[in-house]
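Following: one structure in structure tokens, then a few remarks.
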Amino acid sequence: MSIASLPMYDWPEIREHTDAFLAGFARHSGLCMKLDRDSSYSDPWRNPDLIFSQTCGYPFSHEFKGLLSYVATPHYLCAGCKDATYSSFIFARKATPLQEFRGKIPAVNSMDSMSGMLALKLVFAPFVRGGEFFERKLITGGHLNSLQAVREGKADVCAIDAVCVALAKKYCPKVMEGLVIIAQSPLVPSLPFVTRSGDPDRLRIALTKTFADPELKTTLDALLMIGFSNLGAGAYDHITNLENALPPLNL
């Protein structure tokens, strides 16, 4: 049986909706697929049996470029997203000018994250001198962990993607308590749906049927998804271009 994974937003609070979305997608595709929740988030992307997944734009345009085949880019209905693009919000414990975070500690979910790592660099790049800005980084392993680290004073600032922010406000608002938004990163293509073993055209047809299915409206609303675009894999070169234009930054 082929495997699938949807690790980007598969929180316990919305897991039933993730299951329902994949079940509907499998039905419309006519494919048998098992949702892999046992591996680390990136392991399924290395599996040749992967039929459907969602990845971050940074690993898609870097480590997994040419290994994962592009399927589509979802649209999310939330602040900080526009059509098939999204951004990150920068959080701190109080409203503070960005330049005053020099020598402070950022919380970063992972170093291959567009929304948690590169977005932070894009926002703070104008204040960098000689590559030095932050004191050191705290790797947290997840966006919710980054918010918690800032809230508890273990770090001073973090970048959280707009979809995570909207889902957190809806399903676990306590993680946002005591935090304020101080900046927003540029828009980039949203997290793509990808495959290794599947036919992208067939999977896009299944997505069209999935998003048009009235029985899945509640599920899609819960996941904040309202449609998708076929941007093509080349759209994610924008992420690489943004990174290449940055000055050195000690993150």
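A note on labels: chains of the structure tokens are A, B, ... as shown, every chain counts residues from 1, and ligands are counted from 1 in their shown order.
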How close does each residue of segment 47-96 of chain A get to segment 28-43 of chain A, giving the shortest atom pair and distance in Å to one decimal for every residue with an atom at most 9 Å away, counting only C-alpha atoms, sorted by chain and residue number, as CSV?
residue,atom,partner,partner_atom,distance
A:Asn47,CA,A:Asp43,CA,6.8
A:Leu50,CA,A:Met33,CA,8.8
A:Ile51,CA,A:Met33,CA,7.3
A:Phe52,CA,A:Met33,CA,8.4
A:Thr55,CA,A:Ser42,CA,8.2
Problem set entry | Within 7 Å of segment 83-90 of chain A using only C-alpha atoms, minus same-chain residues under 6 positions, as a list in words |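 Non-adjacent residues within range: Thr73, Pro74, His75, Ser115, Ala119, Val157, Cys158, Ala159, Ile160, Asp161, Ala162, Ile181, Ile182, Ala183, Gln184, Ser185, Pro186, Leu187, Val188, Pro189, Ser190, Phe228 and Ser229 of chain A.
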Problem set entry | Contact residues around Asp201 of chain A with only C-alpha atoms at 12 Å, ignoring same-chain residues under 4 positions, as number ranges by chain | A: 29, 69-72, 194-195, 205-208, 230, 232
Go ahead and write the residues just picked, N, CA and C atoms, as a short mmCIF file (atom, residue, chain, number, x, y, z; two decimals), in the first residue's frame.
data_model
loop_
_atom_site.label_atom_id
_atom_site.label_comp_id
_atom_site.auth_asym_id
_atom_site.auth_seq_id
_atom_site.Cartn_x
_atom_site.Cartn_y
_atom_site.Cartn_z
N SER A 29 -9.44 9.91 -5.46
CA SER A 29 -8.30 9.51 -6.31
C SER A 29 -8.38 8.05 -6.73
N SER A 69 7.96 15.37 -6.36
CA SER A 69 7.27 15.97 -7.51
C SER A 69 6.15 16.87 -7.02
N TYR A 70 6.07 18.03 -7.60
CA TYR A 70 5.05 19.01 -7.23
C TYR A 70 3.67 18.56 -7.69
N VAL A 71 2.66 18.77 -6.83
CA VAL A 71 1.28 18.47 -7.18
C VAL A 71 0.46 19.76 -7.25
N ALA A 72 0.42 20.52 -6.15
CA ALA A 72 -0.42 21.72 -6.10
C ALA A 72 -0.06 22.54 -4.86
N VAL A 194 2.81 17.33 -2.51
CA VAL A 194 3.85 16.69 -3.31
C VAL A 194 3.62 15.18 -3.37
N THR A 195 4.39 14.52 -4.24
CA THR A 195 4.34 13.06 -4.36
C THR A 195 5.71 12.55 -4.78
N ILE A 205 -6.48 16.16 -10.22
CA ILE A 205 -7.90 15.89 -10.50
C ILE A 205 -8.62 15.47 -9.23
N ALA A 206 -7.96 14.62 -8.43
CA ALA A 206 -8.56 14.18 -7.16
C ALA A 206 -8.72 15.35 -6.20
N LEU A 207 -7.76 16.26 -6.18
CA LEU A 207 -7.88 17.44 -5.32
C LEU A 207 -9.06 18.30 -5.75
N THR A 208 -9.25 18.47 -7.05
CA THR A 208 -10.39 19.25 -7.54
C THR A 208 -11.69 18.66 -7.04
N ASN A 230 -2.22 25.41 -9.29
CA ASN A 230 -1.11 24.68 -9.89
C ASN A 230 -0.06 25.71 -10.29
N GLY A 232 3.25 25.18 -10.31
CA GLY A 232 4.44 24.57 -10.89
C GLY A 232 5.60 24.63 -9.91
#
Problem set entry | Those of segment 2-190 of chain A in DSSP strand (DSSP E or B), formatted as an MDAnalysis selection string | chainID A and resid 2:5 33:35 50:54 65 68:76 81:82 85:86 88:92 106:108 129 132 138:139 157:161 180:184 188:189
If you keep C-alpha atoms, can you produce a file of those selected residues as a compact mmCIF listing (two decimals), in the first residue's frame?
# COMPACT_ATOMS: atom_id res chain seq x y z
CA SER A 2 1.20 3.51 -0.77
CA ILE A 3 1.82 5.88 2.11
CA ALA A 4 0.70 9.45 2.67
CA SER A 5 1.71 12.07 5.19
CA MET A 33 -2.98 5.05 1.01
CA LYS A 34 -2.00 4.77 4.65
CA LEU A 35 -1.34 7.92 6.65
CA LEU A 50 5.01 8.13 -0.93
CA ILE A 51 1.85 8.89 -2.89
CA PHE A 52 0.79 12.19 -1.30
CA SER A 53 2.19 14.60 1.25
CA GLN A 54 2.65 18.25 2.13
CA LYS A 65 14.49 19.46 -4.93
CA LEU A 68 9.63 15.23 -4.63
CA SER A 69 7.27 15.97 -7.51
CA TYR A 70 5.05 19.01 -7.23
CA VAL A 71 1.28 18.47 -7.18
CA ALA A 72 -0.42 21.72 -6.10
CA THR A 73 -0.38 24.63 -3.67
CA PRO A 74 -3.33 25.00 -1.27
CA HIS A 75 -5.10 28.28 -0.51
CA TYR A 76 -5.77 29.11 3.14
CA CYS A 81 -2.31 34.43 3.35
CA LYS A 82 -3.32 35.51 -0.14
CA THR A 85 0.89 32.46 -0.87
CA TYR A 86 1.50 32.83 2.84
CA SER A 88 4.95 34.51 8.81
CA PHE A 89 4.20 36.71 11.80
CA ILE A 90 7.01 37.69 14.14
CA PHE A 91 6.13 37.30 17.84
CA ALA A 92 7.66 38.76 20.99
CA PRO A 106 15.35 33.63 18.53
CA ALA A 107 13.30 30.44 18.85
CA VAL A 108 13.44 28.47 15.58
CA ARG A 129 25.99 44.39 10.37
CA GLU A 132 26.13 39.48 13.54
CA LEU A 138 17.06 27.97 20.37
CA ILE A 139 15.88 25.05 18.20
CA VAL A 157 11.41 36.31 19.32
CA CYS A 158 10.09 33.78 16.79
CA ALA A 159 8.55 33.57 13.33
CA ILE A 160 5.33 31.57 12.98
CA ASP A 161 3.55 30.90 9.71
CA VAL A 180 2.30 40.27 20.41
CA ILE A 181 2.95 40.48 16.67
CA ILE A 182 5.76 42.90 15.86
CA ALA A 183 6.34 42.26 12.13
CA GLN A 184 5.31 40.20 9.12
CA VAL A 188 5.99 33.26 -0.57
CA PRO A 189 4.26 30.24 -2.15
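When the distance limit is 10 Å and only C-alpha atoms are what count, the residues near segment 239-245 of chain A, minus those fewer than 2 positions from it on the same chain, are Gly57, Tyr58, Phe60, Ser61, His62, Met114, Leu118, Ala119, Lys121, Leu122, Pro186, Leu187, Val188, Pro189, Ala235, Tyr236, Asp237, Pro247 and Pro248 of chain A.
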Exercise. When distances are computed from only C-alpha atoms, which of A:Gly103, A:Gly234, A:Gly227, A:Gly178 shows the smallest separation from Leu147 of chain A?
Worked result: A:Gly178
Problem set entry | Coordinates-based distance that separates atom CA of Gly131 of chain A from atom CA of Leu246 of chain A (Å, one decimal) |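 Interatomic distance here is 10.2 Å.
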For this session: Give the helix (DSSP H, G or I) residues of segment 41-120 of chain A, as DSSP finds them on the backbone, and put them as a VMD selection string.
Result: chain A and resid 43 to 46 57 to 61 98 to 101 114 to 120
Exercise. To one decimal place, how far is atom CA of Ala166 of chain A from atom CA of Pro200 of chain A in Å?
Worked result: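 These two atoms are separated by 28.7 Å.
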